[in-house]
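Peer 1: Provided below: data_5.cif, containing mmCIF, C-alpha atoms.
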```
data_target
loop_
_atom_site.label_atom_id
_atom_site.label_comp_id
_atom_site.auth_asym_id
_atom_site.auth_seq_id
_atom_site.Cartn_x
_atom_site.Cartn_y
_atom_site.Cartn_z
CA MET D 1 3.78 -33.83 -8.81
CA ASN D 2 7.01 -31.82 -8.44
CA ILE D 3 7.29 -28.07 -8.95
CA LEU D 4 8.58 -28.27 -12.55
CA GLN D 5 5.75 -30.58 -13.58
CA ARG D 6 3.23 -28.14 -12.15
CA TYR D 7 4.70 -25.20 -14.06
CA ARG D 8 4.67 -27.28 -17.26
CA LYS D 9 0.92 -27.83 -16.87
CA ILE D 10 0.16 -24.09 -17.09
CA PRO D 11 -1.86 -23.57 -20.33
CA HIS D 12 -0.14 -21.97 -23.32
CA SER D 13 -2.62 -19.08 -23.36
CA VAL D 14 -1.62 -18.17 -19.81
CA LEU D 15 2.08 -18.49 -20.66
CA LEU D 16 1.65 -16.16 -23.65
CA LEU D 17 -0.05 -13.62 -21.38
CA ILE D 18 2.79 -13.94 -18.89
CA VAL D 19 5.44 -13.33 -21.58
CA ALA D 20 3.49 -10.29 -22.81
CA ALA D 21 3.11 -9.05 -19.23
CA PHE D 22 6.87 -9.41 -18.74
CA LEU D 23 7.54 -7.19 -21.76
CA ILE D 24 4.99 -4.62 -20.60
CA HIS D 25 6.48 -4.70 -17.10
CA MET D 26 9.88 -3.79 -18.56
CA ILE D 27 8.61 -0.24 -19.06
CA ASN D 28 7.17 -0.09 -15.58
CA ALA D 29 10.34 -1.52 -14.04
CA GLY D 30 12.57 0.85 -15.98
CA PHE D 31 10.49 3.84 -14.93
CA ILE D 32 10.44 2.72 -11.29
CA LEU D 33 14.23 2.33 -11.30
CA ILE D 34 15.32 5.59 -12.94
CA LEU D 35 12.42 7.91 -13.80
CA ASN D 36 12.43 9.72 -10.45
CA ILE D 37 16.20 10.22 -10.67
CA TYR D 38 15.75 11.52 -14.22
CA LEU D 39 13.10 13.98 -12.98
CA ARG D 40 15.47 15.13 -10.24
CA LYS D 41 18.23 15.71 -12.80
CA MET D 42 15.74 17.77 -14.82
CA GLY D 43 15.46 20.07 -11.81
CA TYR D 44 12.32 18.84 -10.01
CA SER D 45 12.16 18.63 -6.21
CA ASP D 46 11.05 15.59 -4.18
CA SER D 47 7.64 17.15 -3.57
CA SER D 48 7.15 17.86 -7.30
CA ILE D 49 8.19 14.30 -8.19
CA ALA D 50 5.72 12.93 -5.63
CA GLN D 51 2.99 15.10 -7.12
CA PHE D 52 3.70 13.78 -10.63
CA ASN D 53 3.69 10.19 -9.35
CA SER D 54 0.37 10.69 -7.60
CA PHE D 55 -1.34 11.41 -10.92
CA ARG D 56 -0.26 8.02 -12.22
CA PHE D 57 -2.77 6.51 -9.79
CA LEU D 58 -5.51 9.11 -10.08
CA GLY D 59 -6.90 7.88 -13.41
CA VAL D 60 -6.76 4.27 -12.25
CA LEU D 61 -8.74 5.20 -9.14
CA PHE D 62 -11.69 6.35 -11.27
CA PHE D 63 -11.56 3.80 -14.10
CA ALA D 64 -10.47 0.45 -12.59
CA PHE D 65 -13.77 -0.16 -10.80
CA PRO D 66 -15.98 0.52 -13.88
CA LEU D 67 -13.64 -1.66 -15.96
CA GLY D 68 -14.07 -4.54 -13.50
CA ILE D 69 -17.85 -4.27 -13.89
CA PHE D 70 -17.62 -3.98 -17.67
CA ILE D 71 -15.41 -7.06 -18.26
CA LYS D 72 -17.68 -9.50 -16.41
CA GLY D 73 -18.44 -12.32 -18.82
CA LYS D 74 -16.51 -10.72 -21.69
CA ALA D 75 -13.48 -11.85 -23.68
CA LEU D 76 -10.34 -10.30 -22.20
CA LYS D 77 -7.93 -10.61 -25.15
CA PRO D 78 -9.05 -7.27 -26.70
CA PHE D 79 -8.23 -5.51 -23.42
CA PHE D 80 -4.74 -7.03 -23.36
CA LEU D 81 -4.18 -5.92 -26.97
CA THR D 82 -5.28 -2.40 -26.03
CA SER D 83 -2.90 -2.29 -23.08
CA SER D 84 0.05 -3.57 -25.13
CA LEU D 85 -0.55 -0.86 -27.75
CA LEU D 86 -1.25 2.10 -25.50
CA LEU D 87 1.38 1.60 -22.80
CA PRO D 88 4.42 2.10 -25.10
CA LEU D 89 2.74 5.07 -26.82
CA PHE D 90 1.80 6.83 -23.59
CA SER D 91 5.24 6.05 -22.10
CA LEU D 92 6.82 7.83 -25.07
CA PHE D 93 4.47 10.76 -24.56
CA LEU D 94 5.49 10.99 -20.88
CA LEU D 95 9.18 10.73 -21.67
CA PHE D 96 9.12 13.46 -24.33
CA SER D 97 7.01 15.65 -22.04
CA ILE D 98 9.68 15.44 -19.33
CA GLN D 99 12.37 16.17 -21.89
CA GLY D 100 10.42 19.23 -23.02
CA GLY D 101 9.78 20.43 -19.47
CA ASN D 102 6.01 20.82 -19.94
CA GLU D 103 4.47 20.12 -16.52
CA VAL D 104 0.89 19.88 -17.83
CA ARG D 105 1.93 17.23 -20.34
CA ILE D 106 4.03 15.45 -17.73
CA THR D 107 0.97 15.21 -15.47
CA LEU D 108 -1.19 13.98 -18.37
CA GLY D 109 1.53 11.48 -19.30
CA PHE D 110 1.52 9.98 -15.81
CA VAL D 111 -2.29 9.68 -15.92
CA LEU D 112 -2.28 7.95 -19.33
CA TRP D 113 0.61 5.66 -18.38
CA GLY D 114 -1.26 4.55 -15.26
CA LEU D 115 -4.49 3.93 -17.18
CA SER D 116 -2.87 1.79 -19.88
CA PHE D 117 -1.04 -0.28 -17.28
CA MET D 118 -4.23 -0.62 -15.22
CA ILE D 119 -5.97 -2.54 -18.04
CA LEU D 120 -3.40 -5.35 -17.78
CA ASN D 121 -3.62 -5.43 -13.97
CA VAL D 122 -7.41 -5.57 -13.81
CA CYS D 123 -7.81 -8.26 -16.47
CA GLY D 124 -4.80 -10.46 -15.66
CA LEU D 125 -6.01 -12.37 -12.60
CA PRO D 126 -9.55 -13.05 -13.93
CA PHE D 127 -7.98 -14.41 -17.13
CA ILE D 128 -5.74 -16.77 -15.14
CA MET D 129 -8.63 -17.93 -12.95
CA ARG D 130 -10.66 -18.68 -16.10
CA SER D 131 -7.87 -20.42 -17.99
CA ALA D 132 -5.68 -22.31 -15.50
CA PRO D 133 -6.70 -25.69 -13.98
CA GLU D 134 -7.26 -25.55 -10.23
CA GLU D 135 -4.22 -27.76 -9.57
CA VAL D 136 -1.82 -25.16 -11.04
CA VAL D 137 -3.60 -21.90 -10.16
CA SER D 138 -1.01 -21.10 -7.45
CA GLU D 139 1.84 -21.61 -9.91
CA ALA D 140 0.15 -19.55 -12.65
CA ILE D 141 -0.52 -16.63 -10.29
CA SER D 142 3.01 -16.78 -8.86
CA LEU D 143 4.57 -16.87 -12.33
CA ASN D 144 2.42 -13.91 -13.37
CA PHE D 145 3.62 -11.97 -10.33
CA ALA D 146 7.20 -13.02 -11.06
CA THR D 147 7.12 -11.24 -14.43
CA TRP D 148 7.56 -7.97 -12.56
CA SER D 149 10.73 -9.28 -10.92
CA LEU D 150 12.11 -10.72 -14.14
CA ALA D 151 11.37 -7.47 -15.94
CA THR D 152 13.22 -5.58 -13.21
CA ILE D 153 16.22 -7.91 -13.61
CA ILE D 154 16.36 -7.36 -17.36
CA SER D 155 15.59 -3.64 -17.26
CA GLY D 156 18.01 -3.01 -14.40
CA THR D 157 20.81 -4.95 -16.08
CA LEU D 158 20.14 -3.23 -19.40
CA ILE D 159 20.16 0.21 -17.74
CA ASN D 160 23.47 -0.58 -16.05
CA ILE D 161 25.08 -1.86 -19.27
CA LEU D 162 23.84 1.03 -21.41
CA SER D 163 24.86 3.60 -18.79
CA GLY D 164 28.39 2.17 -18.87
CA MET D 165 28.55 2.55 -22.66
CA LYS D 166 28.10 6.34 -22.43
CA GLU D 167 27.24 6.45 -26.16
CA LEU D 168 25.46 4.10 -28.57
CA VAL D 169 26.30 4.53 -32.25
CA ILE D 170 23.45 3.72 -34.67
CA GLY D 171 24.55 4.35 -38.24
CA SER D 172 25.94 7.88 -38.32
CA THR D 173 24.11 8.89 -35.14
CA ALA D 174 25.69 8.73 -31.67
CA LEU D 175 23.13 8.60 -28.85
CA VAL D 176 24.19 9.68 -25.36
CA MET D 177 23.16 6.90 -23.00
CA ASP D 178 21.33 8.98 -20.42
CA GLU D 179 18.04 8.05 -18.72
CA PHE D 180 16.01 9.46 -21.63
CA HIS D 181 17.62 7.35 -24.39
CA ILE D 182 17.83 4.23 -22.21
CA MET D 183 14.08 4.39 -21.60
CA LEU D 184 13.47 4.83 -25.34
CA ILE D 185 15.27 1.52 -25.95
CA ILE D 186 13.28 -0.27 -23.21
CA ILE D 187 9.99 1.05 -24.60
CA GLY D 188 10.95 -0.24 -28.05
CA ILE D 189 11.62 -3.73 -26.68
CA SER D 190 8.42 -3.85 -24.66
CA SER D 191 6.26 -3.00 -27.69
CA LEU D 192 6.77 -6.62 -28.84
CA SER D 193 4.18 -7.66 -26.23
CA PHE D 194 1.45 -7.05 -28.82
CA VAL D 195 2.75 -9.96 -30.92
CA PHE D 196 2.48 -12.50 -28.09
CA ILE D 197 -1.06 -11.43 -27.19
CA LEU D 198 -2.13 -11.88 -30.82
CA PHE D 199 -1.43 -15.63 -30.53
CA MET D 200 -3.41 -16.09 -27.28
CA GLN D 201 -6.46 -18.34 -27.23
CA GLU D 202 -9.02 -17.52 -24.60
CA ALA D 203 -11.18 -19.81 -22.50
CA LYS D 204 -14.90 -19.15 -22.39
CA PRO D 205 -15.90 -16.83 -19.49
CA ARG D 206 -17.55 -18.61 -16.57
CA SER D 207 -20.35 -16.04 -16.35
CA SER D 208 -22.59 -14.80 -19.14
CA SER D 209 -21.88 -11.42 -20.70
CA SER D 210 -24.23 -8.48 -20.23
CA ASP D 211 -24.07 -4.74 -20.81
CA PHE D 212 -22.41 -2.34 -18.39
CA LEU D 213 -25.64 -0.85 -17.02
CA SER D 214 -27.06 -4.29 -16.23
CA ASN D 215 -23.86 -5.26 -14.45
CA PHE D 216 -23.86 -1.95 -12.57
CA LYS D 217 -27.49 -2.33 -11.46
CA ALA D 218 -26.70 -5.84 -10.25
CA LEU D 219 -23.86 -4.66 -8.00
CA ARG D 220 -25.93 -4.88 -4.83
CA SER D 221 -27.53 -8.26 -5.45
CA ASP D 222 -24.91 -10.18 -7.48
CA TYR D 223 -21.85 -9.65 -5.30
CA ASP D 224 -20.92 -10.69 -1.77
CA TRP D 225 -19.88 -7.33 -0.37
CA LYS D 226 -19.10 -8.63 3.10
CA LEU D 227 -16.53 -11.03 1.68
CA ILE D 228 -15.15 -8.42 -0.71
CA SER D 229 -14.67 -5.85 2.05
CA ARG D 230 -12.83 -8.35 4.23
CA VAL D 231 -10.32 -8.98 1.43
CA LEU D 232 -9.89 -5.32 0.49
CA PHE D 233 -9.34 -3.85 3.96
CA PRO D 234 -5.92 -5.39 4.74
CA ASN D 235 -5.02 -4.89 1.08
CA MET D 236 -5.68 -1.17 1.50
CA LEU D 237 -3.55 -0.92 4.66
CA ILE D 238 -0.61 -2.63 2.97
CA ALA D 239 -1.07 -0.44 -0.11
CA ILE D 240 -1.05 2.84 1.81
CA GLY D 241 2.15 1.84 3.58
CA ALA D 242 3.79 0.65 0.36
CA GLY D 243 2.87 3.86 -1.45
CA LEU D 244 4.85 5.89 1.08
CA THR D 245 8.03 3.96 0.38
CA ILE D 246 8.26 1.83 -2.77
CA PRO D 247 8.00 4.59 -5.44
CA PHE D 248 10.61 6.69 -3.61
CA VAL D 249 13.26 4.18 -2.53
CA ASN D 250 15.48 5.30 -5.40
CA LEU D 251 15.28 8.88 -4.08
CA PHE D 252 16.23 7.57 -0.62
CA PHE D 253 19.39 5.90 -1.93
CA ASN D 254 20.19 8.89 -4.13
CA SER D 255 19.70 11.45 -1.33
CA VAL D 256 21.22 9.58 1.61
CA PHE D 257 23.99 7.58 -0.06
CA GLU D 258 24.40 9.40 -3.44
CA VAL D 259 23.54 6.26 -5.42
CA ASP D 260 23.02 7.17 -9.11
CA SER D 261 20.76 5.59 -11.75
CA ASP D 262 23.23 2.98 -13.00
CA GLN D 263 24.11 1.85 -9.48
CA PHE D 264 20.54 1.69 -8.24
CA SER D 265 19.42 -0.18 -11.37
CA LEU D 266 22.05 -2.83 -10.62
CA ILE D 267 20.85 -3.09 -7.00
CA GLY D 268 17.27 -3.31 -8.27
CA ALA D 269 18.16 -6.01 -10.80
CA ALA D 270 19.98 -8.14 -8.22
CA THR D 271 17.10 -7.73 -5.77
CA ALA D 272 14.59 -8.68 -8.46
CA GLY D 273 16.54 -11.89 -9.08
CA ILE D 274 15.93 -12.92 -5.49
CA VAL D 275 12.28 -11.86 -5.78
CA PHE D 276 11.87 -13.92 -8.95
CA LEU D 277 13.19 -17.09 -7.30
CA SER D 278 11.07 -16.53 -4.20
CA MET D 279 7.96 -16.17 -6.39
CA LEU D 280 8.59 -19.57 -7.97
CA VAL D 281 9.13 -21.27 -4.61
CA ILE D 282 6.21 -19.75 -2.68
CA PRO D 283 3.55 -22.13 -4.15
CA VAL D 284 5.52 -25.06 -2.73
CA ILE D 285 5.59 -23.37 0.69
CA ARG D 286 1.86 -22.68 0.47
CA ARG D 287 1.01 -26.28 -0.44
CA ARG D 288 3.20 -27.71 2.30
CA PHE D 289 2.57 -25.27 5.17
CA GLY D 290 -0.59 -23.39 4.19
CA PHE D 291 -1.53 -19.73 3.84
CA ARG D 292 -0.47 -18.77 7.36
CA VAL D 293 3.19 -19.62 6.81
CA ALA D 294 3.25 -18.50 3.16
CA ILE D 295 1.75 -15.07 3.87
CA LEU D 296 2.35 -14.05 7.48
CA ILE D 297 5.96 -15.08 8.13
CA PRO D 298 7.42 -13.40 5.00
CA GLN D 299 5.44 -10.22 5.72
CA TRP D 300 6.61 -9.96 9.34
CA LEU D 301 10.23 -10.51 8.27
CA ALA D 302 9.81 -7.87 5.55
CA ILE D 303 8.65 -5.36 8.17
CA PHE D 304 11.75 -6.11 10.25
CA PHE D 305 14.10 -5.43 7.34
CA LEU D 306 12.22 -2.24 6.46
CA VAL D 307 12.95 -1.00 9.98
CA VAL D 308 16.62 -1.94 9.48
CA LEU D 309 16.57 0.06 6.22
CA ALA D 310 15.21 3.06 8.13
CA PHE D 311 17.96 2.80 10.76
CA SER D 312 20.60 2.79 8.00
CA GLN D 313 19.88 6.49 7.41
CA ILE D 314 20.38 7.25 11.09
CA ALA D 315 23.78 5.53 10.83
CA SER D 316 24.60 6.98 7.38
CA ALA D 317 27.74 8.71 8.70
CA TYR D 318 29.37 5.30 9.01
CA SER D 319 30.87 3.64 5.92
CA TRP D 320 29.05 0.36 6.58
CA ALA D 321 25.60 1.97 6.58
CA LEU D 322 25.28 1.80 2.79
CA TYR D 323 25.91 -1.96 2.82
CA VAL D 324 23.36 -2.44 5.59
CA ALA D 325 20.83 -0.41 3.57
CA ILE D 326 21.45 -2.46 0.41
CA ALA D 327 21.21 -5.76 2.32
CA ALA D 328 18.00 -4.68 4.10
CA PHE D 329 16.46 -3.54 0.81
CA MET D 330 17.46 -6.77 -0.98
CA LEU D 331 15.93 -8.89 1.79
CA ARG D 332 12.78 -6.79 2.32
CA GLN D 333 11.75 -6.84 -1.32
CA PRO D 334 11.53 -10.62 -1.88
CA LEU D 335 9.93 -11.25 1.50
CA MET D 336 7.12 -8.74 0.95
CA ASN D 337 6.66 -9.61 -2.70
CA MET D 338 6.59 -13.38 -2.27
CA ALA D 339 3.44 -13.02 -0.17
CA GLY D 340 1.71 -11.09 -2.97
CA PRO D 341 0.66 -14.07 -5.13
CA MET D 342 -0.66 -15.89 -2.08
CA THR D 343 -2.70 -12.93 -0.82
CA SER D 344 -4.17 -12.63 -4.33
CA GLU D 345 -4.99 -16.34 -4.48
CA LEU D 346 -6.43 -16.21 -0.98
CA GLY D 347 -8.60 -13.24 -1.95
CA MET D 348 -9.81 -14.84 -5.19
CA LYS D 349 -10.73 -18.09 -3.45
CA TYR D 350 -12.25 -16.34 -0.46
CA VAL D 351 -14.72 -14.26 -2.50
CA GLY D 352 -15.64 -17.03 -4.99
CA SER D 353 -15.82 -17.11 -8.79
CA ARG D 354 -18.72 -14.67 -9.24
CA ASN D 355 -16.82 -11.91 -7.43
CA GLN D 356 -13.42 -12.39 -9.06
CA GLU D 357 -13.58 -9.79 -11.87
CA LEU D 358 -14.86 -7.20 -9.41
CA ILE D 359 -12.33 -7.99 -6.68
CA SER D 360 -9.50 -7.72 -9.23
CA ALA D 361 -10.75 -4.31 -10.38
CA MET D 362 -11.38 -3.07 -6.85
CA SER D 363 -7.95 -4.24 -5.75
CA SER D 364 -6.40 -2.15 -8.54
CA SER D 365 -8.58 0.78 -7.51
CA ILE D 366 -7.61 0.36 -3.87
CA TRP D 367 -3.90 0.24 -4.70
CA SER D 368 -4.18 3.24 -6.98
CA ALA D 369 -6.24 5.25 -4.50
CA SER D 370 -3.88 4.32 -1.68
CA TRP D 371 -0.77 5.14 -3.69
CA PHE D 372 -2.32 8.43 -4.81
CA ILE D 373 -3.03 9.31 -1.19
CA SER D 374 0.41 8.05 -0.13
CA ALA D 375 2.17 10.11 -2.81
CA LYS D 376 0.33 13.20 -1.56
CA ILE D 377 1.25 12.34 2.04
CA PHE D 378 4.89 11.80 1.00
CA GLN D 379 4.82 15.17 -0.77
CA VAL D 380 3.58 16.91 2.38
CA LEU D 381 5.95 15.03 4.70
CA ARG D 382 8.96 15.97 2.57
CA GLN D 383 7.78 19.58 2.46
CA LEU D 384 7.68 19.42 6.26
CA GLU D 385 11.27 18.12 6.05
CA LEU D 386 10.57 14.72 7.59
CA GLU D 387 13.47 12.37 7.03
CA TYR D 388 13.15 9.22 4.96
CA TYR D 389 13.66 6.98 7.99
CA GLN D 390 10.64 8.56 9.71
CA ILE D 391 8.49 7.88 6.64
CA PHE D 392 9.76 4.29 6.60
CA PHE D 393 8.68 3.87 10.23
CA ILE D 394 5.17 5.01 9.26
CA THR D 395 5.19 2.43 6.47
CA ALA D 396 6.25 -0.31 8.88
CA ALA D 397 3.35 0.56 11.20
CA MET D 398 0.84 0.41 8.32
CA TYR D 399 2.27 -2.93 7.22
CA ALA D 400 1.99 -4.36 10.74
CA ILE D 401 -1.69 -3.45 11.03
CA GLY D 402 -2.39 -4.90 7.56
CA VAL D 403 -0.63 -8.18 8.36
CA GLY D 404 -2.70 -8.47 11.53
CA PHE D 405 -5.88 -8.28 9.47
CA TYR D 406 -4.52 -10.84 6.99
CA HIS D 407 -4.22 -13.17 9.98
CA LEU D 408 -7.93 -12.69 10.64
CA LEU D 409 -8.77 -13.23 6.97
CA ILE D 410 -6.84 -16.50 6.80
CA ASN D 411 -8.59 -17.76 9.93
CA ASP D 412 -11.99 -16.98 8.45
CA TYR D 413 -11.12 -18.60 5.10
CA LEU D 414 -10.00 -21.80 6.84
CA ARG D 415 -13.15 -21.88 8.91
CA ARG D 416 -15.25 -21.64 5.75
CA LYS D 417 -13.15 -23.99 3.64
CA PRO D 418 -10.46 -25.82 5.64
CA GLU D 419 -7.38 -26.89 3.69
CA THR D 420 -6.26 -30.49 3.78
CA ASN D 421 -2.97 -29.45 5.36
CA SER D 422 -3.40 -29.84 9.09
CA SER D 423 -0.67 -27.26 9.76
CA ASP D 424 -3.11 -24.57 8.65
CA VAL D 425 -6.14 -25.80 10.57
CA LEU D 426 -5.77 -24.12 13.96
CA PRO D 427 -8.41 -22.90 16.40
CA ASP D 428 -10.31 -19.89 15.05
CA VAL D 429 -9.86 -17.66 18.06
CA TYR D 430 -9.28 -14.63 15.78
CA ALA D 431 -11.87 -15.39 13.10
CA PHE D 432 -14.11 -12.62 11.78
CA GLU D 433 -17.55 -12.49 13.31
CA ASP D 434 -20.48 -13.02 10.93
#
```
Here is the file; what I need is its structure written in the form of structure tokens.

Peer 2:
Amino acid sequence: MNILQRYRKIPHSVLLLIVAAFLIHMINAGFILILNIYLRKMGYSDSSIAQFNSFRFLGVLFFAFPLGIFIKGKALKPFFLTSSLLLPLFSLFLLFSIQGGNEVRITLGFVLWGLSFMILNVCGLPFIMRSAPEEVVSEAISLNFATWSLATIISGTLINILSGMKELVIGSTALVMDEFHIMLIIIGISSLSFVFILFMQEAKPRSSSSDFLSNFKALRSDYDWKLISRVLFPNMLIAIGAGLTIPFVNLFFNSVFEVDSDQFSLIGAATAGIVFLSMLVIPVIRRRFGFRVAILIPQWLAIFFLVVLAFSQIASAYSWALYVAIAAFMLRQPLMNMAGPMTSELGMKYVGSRNQELISAMSSSIWSASWFISAKIFQVLRQLELEYYQIFFITAAMYAIGVGFYHLLINDYLRRKPETNSSDVLPDVYAFED
């Protein structure tokens, strides 16, 4: 079966979720590309911006884990409908709060935005694992991850086009195409996600539904905590490193090379195009060469290009440094992101079906907790006047440790359930000890 045939076998319910997720991701992508620059133009310092961003993850930290317990055995469509309704509304609240300069409301807006987006993240993977046949699970997960890249392409291109227009005339009203009005347009488009979710049909949950307290009381006996912890530990290391860099790359380009919103959105859109293609190809790599090649090689290469990106600031006095930085960024992003679907699939298969809702929720909690901590660390490091390249070196070190533990996890998974591909079945000299 070739790659196109596999993608065609993804169920319509999963495809509808993926389209809805793409529209929801347009808000997230637009905010990632230009919101920090907009905050800077409104007079906020790097440390203040980092503090605002940290609160996006604070609410998720406290609510993702209970949500993962609550959804066990329950229909997930109502949660997707809730996310598709609340995310545009809370994004508008955040945007108008920034425009009004009310820091309390800005903080609350970041919390509410993070919570509404968290619902989609926690429920997405369990829904795919319930609905997609085993033979196309890799493709379904990869396509779901690719929605972020596609959303970044569309949002970035749209930002660049609208920024070039300067003004948009609607009837007798002329809107200045600044970051505020551009994000209003993106939020309006993304609100269509609700329509696609309405037409979803959901497969029956694999486990029986029970109330939250029963699920909570069963935490100790019903879940394999040893397996769960082995999956979450390298995930946490990668997340802490990523949180020091990914949310603030636009500030790096703006500070070091004076790249503005329209220019960075174009760089982000082009990069996302490469990410999108790499996401579609990675299941083929995984099937042919196994988890080791599909996860470890892209991650190690991504670390290398992150180091190159850091060195571009050291060489920023030279005219070629900007082009090196752009090239390193455009290569790092797809390499690190293409491993994401495979680490998620590995984790889901490693822990087994009864742990999947919980591992999805805990993964969201881990990422949110890590990014909250990372945003606070970034805030302190910038207050101490550490340069961006030094922060990037810290990220690279965290990535390297995390990738080392993914190596151990893959070894242990293969020992428990060897894949048919002999290229992945190597001696388990690094396997976890039971």

Peer 1: Which is closest to D:Val256 among D:Ile314, D:Ser278, D:Gly243, D:Pro234, if we use all atoms listed in the file?

Peer 2: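 Closest candidate: D:Ile314.
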
Peer 1: Between atom CA of D:Arg105 and atom CA of D:Ser370, what is the distance, to one decimal in Å?

Peer 2: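 Going from atom CA of D:Arg105 over to atom CA of D:Ser370 covers 23.4 Å.
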
Peer 1: Care to translate the PyMOL selection byres ((chain D and resi 60) around 9) into actual residues of this file, as a ChimeraX atom specification?

Peer 2: /D:56-59,61-65,111,114-119,364-365,368-369

Peer 1: Measuring atom to atom with all atoms listed in the file, identify which of D:Leu33, D:Ile186, D:Leu76, D:Ala361 is nearest to D:Ile267.

Peer 2: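 Distance minimum relative to D:Ile267 lands on D:Leu33.
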
Peer 1: How many Å separate atom CA of D:Met129 from atom CA of D:Met348?

Peer 2: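 Straight-line distance from atom CA of D:Met129 to atom CA of D:Met348 works out to 8.4 Å.
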
Peer 1: Can you find the residues with an atom no farther than 12 Å from (-1.0, -7.3, 10.0), counting all atoms listed in the file, and report them as an MDAnalysis selection string?

Peer 2: chainID D and resid 233:238 241 292 295:303 396:410

Peer 1: Select all residues near (-5.1, -23.8, -14.4) (cut-off 10 Å, inclusive, file coordinates), counting only C-alpha atoms, and output them as a count of residues only.

Peer 2: 20

Peer 1: For D:Pro247, please output as a list in words all residues within 9 Å (counting all atoms listed in the file; exclusion window: fewer than 6 positions along the same chain).

Peer 2: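 Non-adjacent residues within range: Ile32, Leu33, Asn36, Ala50, Asn53, Trp371 and Ala375 of chain D.
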
Peer 1: Show which residues sit within 8 Å of D:Leu150, as a short mmCIF file (atom, residue, chain, number, x, y, z; two decimals) with C-alpha atoms, keeping the file's coordinate frame. Count all atoms listed in the file, and ignore same-chain residues fewer than 6 positions away.

Peer 2:
```
data_model
loop_
_atom_site.label_atom_id
_atom_site.label_comp_id
_atom_site.auth_asym_id
_atom_site.auth_seq_id
_atom_site.Cartn_x
_atom_site.Cartn_y
_atom_site.Cartn_z
CA PHE D 22 6.87 -9.41 -18.74
CA ALA D 272 14.59 -8.68 -8.46
CA GLY D 273 16.54 -11.89 -9.08
CA PHE D 276 11.87 -13.92 -8.95
#
```

Peer 1: Translate the PyMOL selection byres ((chain D and resi 152) around 8), as applied to the file shown, into an explicit residue set as number ranges by chain.

Peer 2: D: 25-26, 29-30, 148-151, 153-156, 268-269, 272

Peer 1: Which is closest to D:Arg40 among D:Ala321, D:Leu251, D:Val259, D:Ala294, if we use only C-alpha atoms?

Peer 2: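 Of D:Ala321, D:Leu251, D:Val259, D:Ala294, the one nearest D:Arg40 is D:Leu251, counting only C-alpha atoms.
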
Peer 1: To one decimal place, how far is atom CA of D:Met200 from atom CA of D:Lys349 in Å?

Peer 2: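 So the answer is 25.0 Å.
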
Peer 1: Evaluate the PyMOL selection byres ((chain D and resi 322-338) around 7) here and jot the selected residues down as a list in words.

Peer 2: Phe257, Thr271, Ile274, Val275, Ser278, Met279, Ile282, Pro298, Gln299, Leu301, Ala302, Phe305, Leu306, Val308, Leu309, Ser312, Ser316, Ser319, Trp320, Ala321, Ala339, Gly340 and Pro341 of chain D

Peer 1: Between D:Asn28, D:Asn160, D:Thr82, D:Asn121, which one has atoms that come closest to D:Phe145, using only C-alpha atoms?

Peer 2: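 Among D:Asn28, D:Asn160, D:Thr82, D:Asn121, it is D:Asn121 that comes nearest to D:Phe145.
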
Peer 1: Find the spatial neighbours of stretch 193-198 of chain D, counting all atoms listed in the file, within a cut-off of 12 Å - ignore same-chain residues fewer than 3 positions away - and output them as a VMD selection string.

Peer 2: chain D and resid 12 to 27 76 to 88 120 187 to 190 201 to 202

Peer 1: Nearest residue to D:Glu179 out of D:Phe378, D:Phe252, D:Tyr38, D:Tyr350, using only C-alpha atoms?

Peer 2: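 With only C-alpha atoms as the atom set, the closest residue is D:Tyr38.
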
Peer 1: Between D:Glu258, D:Glu385, D:Glu103, D:Glu357, which residue has the minimum interatomic distance to D:Ile71, considering only C-alpha atoms?

Peer 2: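 Ranking D:Glu258, D:Glu385, D:Glu103, D:Glu357 by distance to D:Ile71, first place goes to D:Glu357.
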
Peer 1: Could you add the missing atoms to stretch 265-270 of chain D, up to N, CA, C and O atoms, and return them as an mmCIF file, in the coordinates of the input?

Peer 2:
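Okay, this is what ended up in result.cif:
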```
data_model
loop_
_atom_site.group_PDB
_atom_site.id
_atom_site.type_symbol
_atom_site.label_atom_id
_atom_site.label_comp_id
_atom_site.auth_asym_id
_atom_site.auth_seq_id
_atom_site.Cartn_x
_atom_site.Cartn_y
_atom_site.Cartn_z
ATOM 1 N N SER D 265 20.004 0.806 -10.463
ATOM 2 C CA SER D 265 19.420 -0.180 -11.370
ATOM 3 C C SER D 265 20.065 -1.548 -11.183
ATOM 4 O O SER D 265 19.391 -2.578 -11.276
ATOM 5 N N LEU D 266 21.374 -1.561 -10.873
ATOM 6 C CA LEU D 266 22.050 -2.830 -10.620
ATOM 7 C C LEU D 266 21.578 -3.447 -9.315
ATOM 8 O O LEU D 266 21.343 -4.667 -9.235
ATOM 9 N N ILE D 267 21.400 -2.601 -8.280
ATOM 10 C CA ILE D 267 20.850 -3.090 -7.000
ATOM 11 C C ILE D 267 19.445 -3.627 -7.221
ATOM 12 O O ILE D 267 19.079 -4.704 -6.725
ATOM 13 N N GLY D 268 18.641 -2.878 -7.981
ATOM 14 C CA GLY D 268 17.270 -3.310 -8.270
ATOM 15 C C GLY D 268 17.221 -4.610 -9.044
ATOM 16 O O GLY D 268 16.382 -5.482 -8.767
ATOM 17 N N ALA D 269 18.131 -4.780 -10.003
ATOM 18 C CA ALA D 269 18.160 -6.010 -10.800
ATOM 19 C C ALA D 269 18.541 -7.209 -9.946
ATOM 20 O O ALA D 269 17.931 -8.284 -10.050
ATOM 21 N N ALA D 270 19.558 -7.040 -9.095
ATOM 22 C CA ALA D 270 19.980 -8.140 -8.220
ATOM 23 C C ALA D 270 18.862 -8.506 -7.239
ATOM 24 O O ALA D 270 18.599 -9.695 -6.988
#
```
